[in-house]
$ cat target.cif   # mmCIF, C-alpha atoms and all ligand atoms
data_model
#
loop_
_atom_site.label_atom_id
_atom_site.label_comp_id
_atom_site.auth_asym_id
_atom_site.auth_seq_id
_atom_site.Cartn_x
_atom_site.Cartn_y
_atom_site.Cartn_z
CA MET U 89 -11.88 -16.21 114.22
CA LYS U 90 -14.81 -17.75 112.51
CA PRO U 91 -15.92 -15.71 109.51
CA ALA U 92 -19.30 -14.09 109.89
CA GLU U 93 -22.31 -16.26 109.11
CA SER U 94 -24.33 -13.44 107.62
CA GLU U 95 -23.59 -11.61 104.40
CA SER U 96 -24.82 -8.40 106.00
CA THR U 97 -23.03 -8.64 109.32
CA SER U 98 -19.99 -6.45 109.78
CA THR U 99 -17.50 -8.09 112.10
CA SER U 100 -14.12 -6.87 113.21
CA SER U 101 -11.36 -9.42 113.44
CA SER U 102 -10.31 -11.13 116.63
CA THR U 103 -7.65 -13.68 117.40
CA SER U 104 -8.04 -17.40 117.86
CA THR U 105 -6.21 -20.52 116.84
CA SER U 106 -6.58 -21.74 113.29
CA THR U 107 -7.44 -25.40 112.99
CA SER U 108 -8.42 -25.62 109.36
CA ALA U 109 -7.40 -23.63 106.33
CA THR U 110 -10.88 -23.88 104.92
CA ALA U 111 -12.97 -23.44 108.03
CA THR U 112 -11.12 -20.90 110.11
CA ALA U 113 -9.16 -17.73 109.61
CA THR U 114 -6.77 -16.36 112.19
CA ALA U 115 -5.98 -12.69 112.64
CA ALA U 116 -2.46 -11.42 112.02
CA THR U 117 -0.91 -8.01 112.20
CA SER U 118 -0.57 -6.30 108.86
CA GLY U 119 3.18 -6.03 109.28
CA SER U 120 3.83 -9.70 109.91
CA ILE U 121 3.53 -10.82 106.30
CA PRO U 122 4.96 -8.35 103.77
CA ALA U 123 2.56 -7.40 101.00
CA PRO U 124 3.80 -7.64 97.39
CA ALA U 125 4.66 -4.51 95.42
CA GLU U 126 1.42 -4.71 93.47
CA ASP U 127 -0.73 -4.68 96.62
CA GLY U 128 -1.64 -1.01 96.37
CA ALA U 129 -2.64 -1.19 92.71
CA GLN U 130 -4.66 -4.34 93.34
CA ARG U 131 -6.57 -2.74 96.19
CA ALA U 132 -7.35 0.36 94.15
CA ALA U 133 -8.58 -1.75 91.24
CA MET U 134 -10.79 -3.84 93.51
CA VAL U 135 -12.44 -0.80 95.09
CA ALA U 136 -13.01 0.68 91.64
CA ALA U 137 -14.51 -2.59 90.41
CA LEU U 138 -16.94 -2.84 93.32
CA GLN U 139 -17.98 0.77 92.77
CA ARG U 140 -18.44 -0.01 89.08
CA LEU U 141 -20.77 -2.88 89.93
CA ASP U 142 -22.89 -0.44 91.94
CA VAL U 143 -22.98 2.07 89.07
CA LEU U 144 -24.03 -0.69 86.69
CA GLY U 145 -26.82 -1.68 89.06
CA MET U 146 -25.37 -5.16 89.41
CA ASN U 147 -24.71 -4.93 93.11
CA ARG U 148 -26.75 -3.72 96.04
CA GLY U 149 -25.45 -3.00 99.50
CA SER U 150 -22.93 -5.54 100.69
CA THR U 151 -24.20 -8.59 98.81
CA GLY U 152 -21.47 -8.56 96.16
CA ASN U 153 -17.88 -9.50 96.73
CA LEU U 154 -14.71 -9.93 94.73
CA SER U 155 -11.18 -11.19 95.15
CA LEU U 156 -7.76 -11.20 93.54
CA ARG U 157 -5.24 -13.99 93.91
CA GLN U 158 -2.23 -12.73 95.86
CA ALA U 159 0.65 -14.75 97.30
CA ARG U 160 2.62 -13.50 100.28
CA GLY U 161 5.85 -14.88 101.59
CA GLY U 162 5.61 -17.95 99.40
CA GLN U 163 2.11 -18.75 100.59
CA GLY U 164 -0.90 -18.70 98.32
CA GLY U 165 -3.83 -16.51 99.22
CA MET U 166 -6.12 -13.77 98.05
CA LEU U 167 -7.16 -10.22 98.65
CA ILE U 168 -10.91 -10.16 99.23
CA THR U 169 -13.61 -7.68 100.17
CA PRO U 170 -14.60 -7.61 103.85
CA THR U 171 -17.99 -8.84 105.01
CA GLY U 172 -20.87 -6.44 105.39
CA MET U 173 -19.29 -3.41 103.70
CA GLY U 174 -20.82 -1.78 100.65
CA ALA U 175 -18.97 -0.08 97.81
CA ASP U 176 -19.92 3.38 99.10
CA GLU U 177 -17.89 2.92 102.27
CA LEU U 178 -15.17 0.53 101.14
CA ARG U 179 -11.61 1.89 101.25
CA PRO U 180 -8.51 0.15 99.84
CA GLN U 181 -7.23 -0.53 103.35
CA ASP U 182 -10.48 -2.32 104.23
CA LEU U 183 -9.68 -5.21 101.89
CA VAL U 184 -8.25 -8.19 103.73
CA TRP U 185 -5.70 -10.82 102.78
CA LEU U 186 -6.62 -14.44 103.46
CA GLY U 187 -3.89 -17.04 103.15
CA ASP U 188 -4.47 -20.62 102.13
CA ASP U 189 -3.67 -21.72 105.68
CA GLY U 190 -6.37 -19.46 107.11
CA THR U 191 -4.10 -16.58 108.09
CA LEU U 192 -6.01 -13.31 107.96
CA VAL U 193 -4.33 -9.93 107.53
CA GLY U 194 -6.56 -6.93 107.89
CA ASP U 195 -8.97 -5.13 110.15
CA TRP U 196 -12.14 -6.93 109.14
CA ALA U 197 -13.53 -10.40 108.65
CA PRO U 198 -13.40 -11.59 105.04
CA SER U 199 -16.55 -11.85 102.96
CA SER U 200 -18.70 -14.65 104.30
CA GLU U 201 -18.44 -16.15 100.81
CA TRP U 202 -14.64 -16.47 100.80
CA HIS U 203 -14.96 -20.25 100.76
CA PHE U 204 -15.92 -20.57 97.10
CA HIS U 205 -13.36 -17.97 96.08
CA GLN U 206 -10.62 -20.05 97.72
CA ALA U 207 -11.93 -23.34 96.33
CA SER U 208 -12.12 -21.89 92.82
CA TYR U 209 -8.54 -20.60 92.92
CA HIS U 210 -7.39 -24.03 94.02
CA ALA U 211 -9.32 -25.71 91.22
CA ARG U 212 -8.19 -23.26 88.51
CA PRO U 213 -4.54 -22.16 88.85
CA ASP U 214 -5.00 -19.84 85.86
CA LEU U 215 -7.64 -17.71 87.57
CA GLN U 216 -6.49 -14.43 89.08
CA ALA U 217 -9.82 -12.73 89.82
CA ILE U 218 -13.31 -13.74 90.93
CA VAL U 219 -16.38 -11.49 91.05
CA HIS U 220 -19.71 -12.42 92.65
CA THR U 221 -23.01 -10.55 92.57
CA HIS U 222 -26.71 -11.07 93.12
CA SER U 223 -27.44 -9.18 89.91
CA VAL U 224 -31.14 -9.22 89.10
CA HIS U 225 -31.38 -11.13 85.84
CA ALA U 226 -28.75 -13.77 86.52
CA THR U 227 -30.25 -14.34 89.95
CA ALA U 228 -33.75 -14.58 88.49
CA LEU U 229 -32.59 -17.33 86.14
CA ALA U 230 -30.73 -19.02 89.00
CA CYS U 231 -33.96 -19.01 91.00
CA LEU U 232 -35.50 -21.06 88.21
CA GLN U 233 -32.58 -23.50 88.65
CA ARG U 234 -31.87 -23.15 84.96
CA PRO U 235 -28.51 -22.82 83.22
CA LEU U 236 -28.01 -20.24 80.50
CA PRO U 237 -28.03 -22.27 77.26
CA ALA U 238 -26.45 -21.42 73.92
CA PHE U 239 -29.43 -19.32 72.82
CA HIS U 240 -27.00 -16.56 71.76
CA TYR U 241 -23.45 -16.90 70.51
CA MET U 242 -22.08 -14.59 73.23
CA VAL U 243 -22.70 -17.34 75.78
CA ALA U 244 -19.29 -18.57 74.56
CA ILE U 245 -17.68 -15.71 76.51
CA ALA U 246 -17.85 -17.98 79.53
CA GLY U 247 -15.77 -20.58 77.68
CA GLY U 248 -18.37 -23.11 76.57
CA ASP U 249 -21.83 -23.70 75.18
CA SER U 250 -23.65 -22.85 78.41
CA VAL U 251 -23.31 -21.09 81.74
CA PRO U 252 -24.08 -23.86 84.25
CA CYS U 253 -26.26 -23.47 87.33
CA THR U 254 -25.05 -25.19 90.48
CA PRO U 255 -27.51 -26.88 92.87
CA TYR U 256 -28.57 -24.82 95.85
CA HIS U 257 -26.38 -24.95 98.95
CA THR U 258 -26.27 -22.58 101.94
CA PHE U 259 -23.79 -19.75 101.47
CA GLY U 260 -20.46 -20.20 103.17
CA THR U 261 -20.60 -23.99 103.12
CA ALA U 262 -18.11 -26.52 101.77
CA ALA U 263 -20.88 -27.96 99.62
CA LEU U 264 -21.38 -24.65 97.82
CA SER U 265 -17.63 -24.20 97.43
CA GLN U 266 -17.28 -27.62 95.84
CA ALA U 267 -20.22 -26.99 93.52
CA VAL U 268 -18.86 -23.63 92.34
CA ALA U 269 -15.32 -24.96 91.88
CA ALA U 270 -16.68 -27.87 89.85
CA ALA U 271 -18.79 -25.56 87.68
CA LEU U 272 -15.81 -23.29 87.02
CA ALA U 273 -13.57 -26.21 86.07
CA ASP U 274 -14.23 -25.54 82.39
CA ARG U 275 -16.14 -22.27 82.48
CA ASP U 276 -15.43 -18.69 83.53
CA ALA U 277 -18.90 -18.15 84.97
CA CYS U 278 -21.68 -20.02 86.70
CA LEU U 279 -25.05 -19.37 88.27
CA MET U 280 -25.74 -20.51 91.83
CA ALA U 281 -29.31 -21.68 92.31
CA HIS U 282 -31.40 -19.34 94.46
CA HIS U 283 -28.36 -17.18 95.01
CA GLY U 284 -26.53 -15.33 92.20
CA LEU U 285 -23.71 -15.23 89.69
CA VAL U 286 -19.96 -15.89 89.81
CA ALA U 287 -17.53 -14.78 87.08
CA ALA U 288 -13.78 -15.32 86.94
CA GLY U 289 -10.82 -14.64 84.73
CA PRO U 290 -7.07 -14.16 84.33
CA THR U 291 -7.52 -10.46 85.18
CA LEU U 292 -10.04 -8.47 87.18
CA ALA U 293 -11.01 -6.59 84.02
CA ARG U 294 -11.80 -9.86 82.26
CA ALA U 295 -13.83 -11.21 85.18
CA MET U 296 -15.83 -7.96 85.22
CA LYS U 297 -16.42 -8.20 81.48
CA VAL U 298 -17.69 -11.77 81.76
CA MET U 299 -19.90 -10.76 84.69
CA GLN U 300 -21.51 -7.90 82.76
CA GLU U 301 -22.01 -9.93 79.60
CA VAL U 302 -23.56 -12.92 81.39
CA GLU U 303 -25.92 -10.63 83.31
CA CYS U 304 -26.98 -9.01 80.03
CA LEU U 305 -27.45 -12.40 78.36
CA CYS U 306 -29.61 -13.56 81.26
CA GLU U 307 -31.80 -10.48 80.79
CA VAL U 308 -32.23 -11.21 77.07
CA TYR U 309 -32.86 -14.90 77.74
CA LEU U 310 -35.58 -14.12 80.28
CA LYS U 311 -37.24 -11.72 77.82
CA ALA U 312 -37.14 -14.40 75.12
CA LEU U 313 -38.47 -17.03 77.54
CA ALA U 314 -41.44 -14.78 78.24
CA VAL U 315 -42.52 -15.32 74.62
CA ALA U 316 -41.35 -18.85 73.91
CA GLU U 317 -38.51 -21.26 74.60
CA PRO U 318 -35.62 -19.94 72.46
CA ALA U 319 -33.90 -22.24 70.01
CA VAL U 320 -30.26 -22.93 70.84
CA LEU U 321 -27.16 -23.05 68.67
CA ASP U 322 -25.76 -26.52 68.12
CA ALA U 323 -22.40 -27.80 69.36
CA GLY U 324 -20.70 -27.17 66.02
CA GLN U 325 -21.91 -23.58 65.83
CA MET U 326 -20.75 -22.85 69.35
CA ALA U 327 -17.40 -24.57 68.81
CA GLU U 328 -16.82 -22.23 65.86
CA VAL U 329 -17.59 -19.19 68.01
CA ILE U 330 -15.38 -20.40 70.86
CA GLU U 331 -12.52 -20.83 68.40
CA LYS U 332 -13.03 -17.32 67.01
CA PHE U 333 -13.05 -15.92 70.55
CA ARG U 334 -9.57 -17.34 71.13
CA THR U 335 -8.13 -14.72 68.79
CA TYR U 336 -10.82 -12.01 68.80
CA GLY U 337 -9.45 -8.62 69.76
CA ARG U 338 -5.85 -9.85 69.81
CA THR U 339 -4.80 -8.79 66.32
CA ARG U 340 -4.67 -5.47 64.52
CA SER U 341 -5.20 -4.78 60.87
CA HIS U 342 -2.20 -2.43 60.56
CA PRO U 343 1.32 -2.72 61.94
CA PRO U 344 2.38 -0.40 64.78
CA ALA U 345 3.36 3.12 63.72
CA THR U 346 6.96 2.50 64.76
CA ALA U 347 8.98 -0.63 65.05
CA THR U 348 9.53 0.07 68.73
CA ALA U 349 5.90 0.70 69.60
CA PRO U 350 4.62 -1.82 72.13
CA ALA U 351 2.17 -4.44 70.97
CA PRO U 352 -1.44 -3.67 71.90
CA ALA U 353 -2.61 -5.38 75.05
CA ALA U 354 -5.31 -7.97 74.54
CA GLU U 355 -6.69 -7.01 77.95
CA PRO U 356 -6.37 -3.98 80.21
CA PRO U 357 -3.26 -4.13 82.43
CA GLN U 358 -3.46 -7.03 84.79
CA VAL U 359 -4.00 -6.16 88.41
ZN ZN Y 401 -23.84 -14.15 97.48
#
$ encode --input "target.cif" --output "structure tokens" --more "lines below"
Ligand SMILES: [Zn+2]
Amino acid sequence: MKPAESESTSTSSSTSTSTSATATATAATSGSIPAPAEDGAQRAAMVAALQRLDVLGMNRGSTGNLSLRQARGGQGGMLITPTGMGADELRPQDLVWLGDDGTLVGDWAPSSEWHFHQASYHARPDLQAIVHTHSVHATALACLQRPLPAFHYMVAIAGGDSVPCTPYHTFGTAALSQAVAAALADRDACLMAHHGLVAAGPTLARAMKVMQEVECLCEVYLKALAVAEPAVLDAGQMAEVIEKFRTYGRTRSHPPATATAPAPAAEPPQV
């Protein structure tokens, strides 16, 4: 089955022969590849995250998509949102599993943008979650083909002194996948020219946090640009912030109340 060409086209799965792990996905019955124990929790978290994006006004209709890395039976793969389905109708069972060899488990075709999710997981073994939206302010900046510079110290949340903007490529193409994977090589977010925003992280909660912060920064940057070109922090100033971010939120000023109390989690539970 060839994944749908349109972001807004809902397509049920059908069976054909897979010839390429990156170009084709084949349908499989849900019982043929056992799901891991965390499958249910991952699906619930993904549905909640997509609904959250709607509440935040960062997603409209079925344009946004997200994925979680999930291996099955020793094979790498991911759980990903289906194509053409908005948060208001998405159910946990609607999420599909796409293996690295193109095997598809689920009732629907995967998001038409699964290509750059897969390429990014291959490029960054540490990534566990990827979130993509056409949020207004990030997309507006992407339509100017401009990266988000270090005009504010919080830009460091993406792991460097800028959030890069990839060149424009048609959605669902290998060229776009390669561009996104390259941009995420040393960043946890990137803009896609004339398209939108991608954020990633070691947990879905972290990817969502980066997504929200970058969207907010893009809004502030555009407001500043309307007055004048903002000054940017220099490499030394940003390096200092990046170093502080490595430990920010991971220490507490007082010891736990009891010796047996668990250490505070730096991030919400990983799903
Ligand atoms: Zn998109």
$ closest_atom_pairs --input "target.cif" --of "region 206-253 of chain U" --to "region 165-179 of chain U" --cutoff "10 Å" --atoms "all atoms listed in the file" --output "CSV"
residue,atom,partner,partner_atom,distance
U:Gln206,CA,U:Met166,CA,7.7
U:Tyr209,CA,U:Gly165,CA,8.9
U:His210,CA,U:Gly165,CA,9.8
U:Gln216,CA,U:Met166,CA,9.0
U:Ala217,CA,U:Met166,CA,9.1
U:Ile218,CA,U:Ile168,CA,9.4
U:Val219,CA,U:Ile168,CA,9.9
$ residues_near_ligand --input "target.cif" --ligand "ligand ZN 401 (chain Y)" --cutoff "7 Å" --atoms "only C-alpha atoms and all ligand atoms" --output "PDB file with C-alpha atoms, keeping the file's coordinate frame"
ATOM      1  CA  THR U 151     -24.200  -8.590  98.810  1.00  0.00           C
ATOM      2  CA  GLY U 152     -21.470  -8.560  96.160  1.00  0.00           C
ATOM      3  CA  GLU U 201     -18.440 -16.150 100.810  1.00  0.00           C
ATOM      4  CA  HIS U 220     -19.710 -12.420  92.650  1.00  0.00           C
ATOM      5  CA  THR U 221     -23.010 -10.550  92.570  1.00  0.00           C
ATOM      6  CA  HIS U 222     -26.710 -11.070  93.120  1.00  0.00           C
ATOM      7  CA  PHE U 259     -23.790 -19.750 101.470  1.00  0.00           C
ATOM      8  CA  HIS U 283     -28.360 -17.180  95.010  1.00  0.00           C
ATOM      9  CA  GLY U 284     -26.530 -15.330  92.200  1.00  0.00           C
TER      10      GLY U 284
END
$ atom_distance --input "target.cif" --atom1 "CA of Asp188 (chain U)" --atom2 "CA of Arg294 (chain U)"
23.8 Å
$ closest_residue --input "target.cif" --among "U:Ala123, U:Leu279, U:Leu313, U:Val320" --to "Pro255 (chain U)" --atoms "all atoms listed in the file"
U:Leu279
$ atom_distance --input "target.cif" --atom1 "CA of Ala228 (chain U)" --atom2 "CA of Ala273 (chain U)"
23.4 Å
$ closest_residue --input "target.cif" --among "U:Pro252, U:Gly247, U:Gly164, U:Pro318" --to "Val298 (chain U)" --atoms "all atoms listed in the file"
U:Gly247
$ closest_residue --input "target.cif" --among "U:Ala136, U:Ile121, U:Met146, U:Ala246" --to "Gly194 (chain U)" --atoms "all atoms listed in the file"
U:Ile121
$ residues_around --input "target.cif" --residues "Leu321 (chain U)" --least-positions-apart "6" --cutoff "9 Å" --atoms "all atoms listed in the file" --output "list of chain:residue names"
U:Pro237, U:Ala238, U:Phe239, U:His240, U:Tyr241, U:Asp249
$ closest_residue --input "target.cif" --among "U:Ser150, U:Asp142, U:Asp195, U:Gly248" --to "Glu328 (chain U)" --atoms "all atoms listed in the file"
U:Gly248
$ atom_distance --input "target.cif" --atom1 "CA of Glu301 (chain U)" --atom2 "CA of Met134 (chain U)"
18.9 Å
$ closest_residue --input "target.cif" --among "U:Leu310, U:Ser250, U:Val143, U:Ala327" --to "Cys231 (chain U)" --atoms "only C-alpha atoms"
U:Leu310
$ axis_aligned_box --input "target.cif" --around "region 287-298 of chain U" --padding-each-side "8 Å" --output "JSON"
{"center_x": -12.4, "center_y": -11.0, "center_z": 84.3, "size_x": 26.6, "size_y": 24.7, "size_z": 21.7}
$ closest_residue --input "target.cif" --among "U:Gly260, U:Gly161, U:Gly128, U:Gly289" --to "Asp182 (chain U)" --atoms "all atoms listed in the file"
U:Gly128
$ residues_near_point --input "target.cif" --point "(-14.9, -18.8, 73.7)" --cutoff "6 Å" --atoms "all atoms listed in the file" --output "PyMOL selection string"
chain U and resi 244-245+247+330+333
$ decode --input "target.cif" --residues "region 121-144 of chain U" --atoms "N, CA and C atoms" --output "mmCIF file, in the first residue's frame"
data_model
loop_
_atom_site.group_PDB
_atom_site.id
_atom_site.type_symbol
_atom_site.label_atom_id
_atom_site.label_comp_id
_atom_site.auth_asym_id
_atom_site.auth_seq_id
_atom_site.Cartn_x
_atom_site.Cartn_y
_atom_site.Cartn_z
ATOM 1 N N ILE U 121 2.157 -9.365 14.813
ATOM 2 C CA ILE U 121 3.360 -8.863 15.462
ATOM 3 C C ILE U 121 2.950 -8.373 16.844
ATOM 4 N N PRO U 122 3.311 -9.095 17.895
ATOM 5 C CA PRO U 122 2.865 -8.708 19.239
ATOM 6 C C PRO U 122 3.306 -7.296 19.610
ATOM 7 N N ALA U 123 2.390 -6.547 20.187
ATOM 8 C CA ALA U 123 2.716 -5.197 20.647
ATOM 9 C C ALA U 123 3.386 -5.283 22.007
ATOM 10 N N PRO U 124 4.289 -4.360 22.327
ATOM 11 C CA PRO U 124 4.944 -4.368 23.640
ATOM 12 C C PRO U 124 3.960 -3.983 24.743
ATOM 13 N N ALA U 125 4.359 -4.251 25.968
ATOM 14 C CA ALA U 125 3.472 -4.009 27.115
ATOM 15 C C ALA U 125 3.070 -2.542 27.234
ATOM 16 N N GLU U 126 3.958 -1.652 26.799
ATOM 17 C CA GLU U 126 3.676 -0.229 26.947
ATOM 18 C C GLU U 126 2.799 0.329 25.824
ATOM 19 N N ASP U 127 2.358 -0.522 24.915
ATOM 20 C CA ASP U 127 1.590 -0.054 23.749
ATOM 21 C C ASP U 127 0.355 0.746 24.157
ATOM 22 N N GLY U 128 -0.397 0.240 25.118
ATOM 23 C CA GLY U 128 -1.626 0.922 25.516
ATOM 24 C C GLY U 128 -1.374 2.299 26.099
ATOM 25 N N ALA U 129 -0.363 2.399 26.954
ATOM 26 C CA ALA U 129 -0.029 3.691 27.564
ATOM 27 C C ALA U 129 0.486 4.671 26.513
ATOM 28 N N GLN U 130 1.256 4.157 25.553
ATOM 29 C CA GLN U 130 1.777 5.022 24.508
ATOM 30 C C GLN U 130 0.644 5.576 23.653
ATOM 31 N N ARG U 131 -0.297 4.718 23.308
ATOM 32 C CA ARG U 131 -1.420 5.180 22.482
ATOM 33 C C ARG U 131 -2.253 6.234 23.213
ATOM 34 N N ALA U 132 -2.499 5.998 24.490
ATOM 35 C CA ALA U 132 -3.283 6.967 25.264
ATOM 36 C C ALA U 132 -2.562 8.308 25.343
ATOM 37 N N ALA U 133 -1.251 8.266 25.545
ATOM 38 C CA ALA U 133 -0.473 9.501 25.636
ATOM 39 C C ALA U 133 -0.457 10.252 24.305
ATOM 40 N N MET U 134 -0.398 9.513 23.215
ATOM 41 C CA MET U 134 -0.383 10.159 21.898
ATOM 42 C C MET U 134 -1.713 10.836 21.590
ATOM 43 N N VAL U 135 -2.814 10.173 21.906
ATOM 44 C CA VAL U 135 -4.125 10.786 21.679
ATOM 45 C C VAL U 135 -4.263 12.047 22.535
ATOM 46 N N ALA U 136 -3.833 11.953 23.786
ATOM 47 C CA ALA U 136 -3.911 13.112 24.681
ATOM 48 C C ALA U 136 -3.048 14.259 24.153
ATOM 49 N N ALA U 137 -1.887 13.932 23.621
ATOM 50 C CA ALA U 137 -0.989 14.973 23.103
ATOM 51 C C ALA U 137 -1.595 15.669 21.890
ATOM 52 N N LEU U 138 -2.201 14.894 20.999
ATOM 53 C CA LEU U 138 -2.806 15.508 19.815
ATOM 54 C C LEU U 138 -3.986 16.386 20.218
ATOM 55 N N GLN U 139 -4.759 15.932 21.202
ATOM 56 C CA GLN U 139 -5.862 16.748 21.695
ATOM 57 C C GLN U 139 -5.340 18.025 22.346
ATOM 58 N N ARG U 140 -4.211 17.908 23.037
ATOM 59 C CA ARG U 140 -3.598 19.061 23.692
ATOM 60 C C ARG U 140 -3.165 20.104 22.647
ATOM 61 N N LEU U 141 -2.620 19.631 21.540
ATOM 62 C CA LEU U 141 -2.211 20.552 20.482
ATOM 63 C C LEU U 141 -3.415 21.333 19.952
ATOM 64 N N ASP U 142 -4.567 20.662 19.865
ATOM 65 C CA ASP U 142 -5.784 21.344 19.424
ATOM 66 C C ASP U 142 -6.201 22.406 20.434
ATOM 67 N N VAL U 143 -6.175 22.035 21.714
ATOM 68 C CA VAL U 143 -6.570 22.969 22.777
ATOM 69 C C VAL U 143 -5.661 24.190 22.771
ATOM 70 N N LEU U 144 -4.389 23.973 22.512
ATOM 71 C CA LEU U 144 -3.420 25.066 22.500
ATOM 72 C C LEU U 144 -3.512 25.905 21.222
#
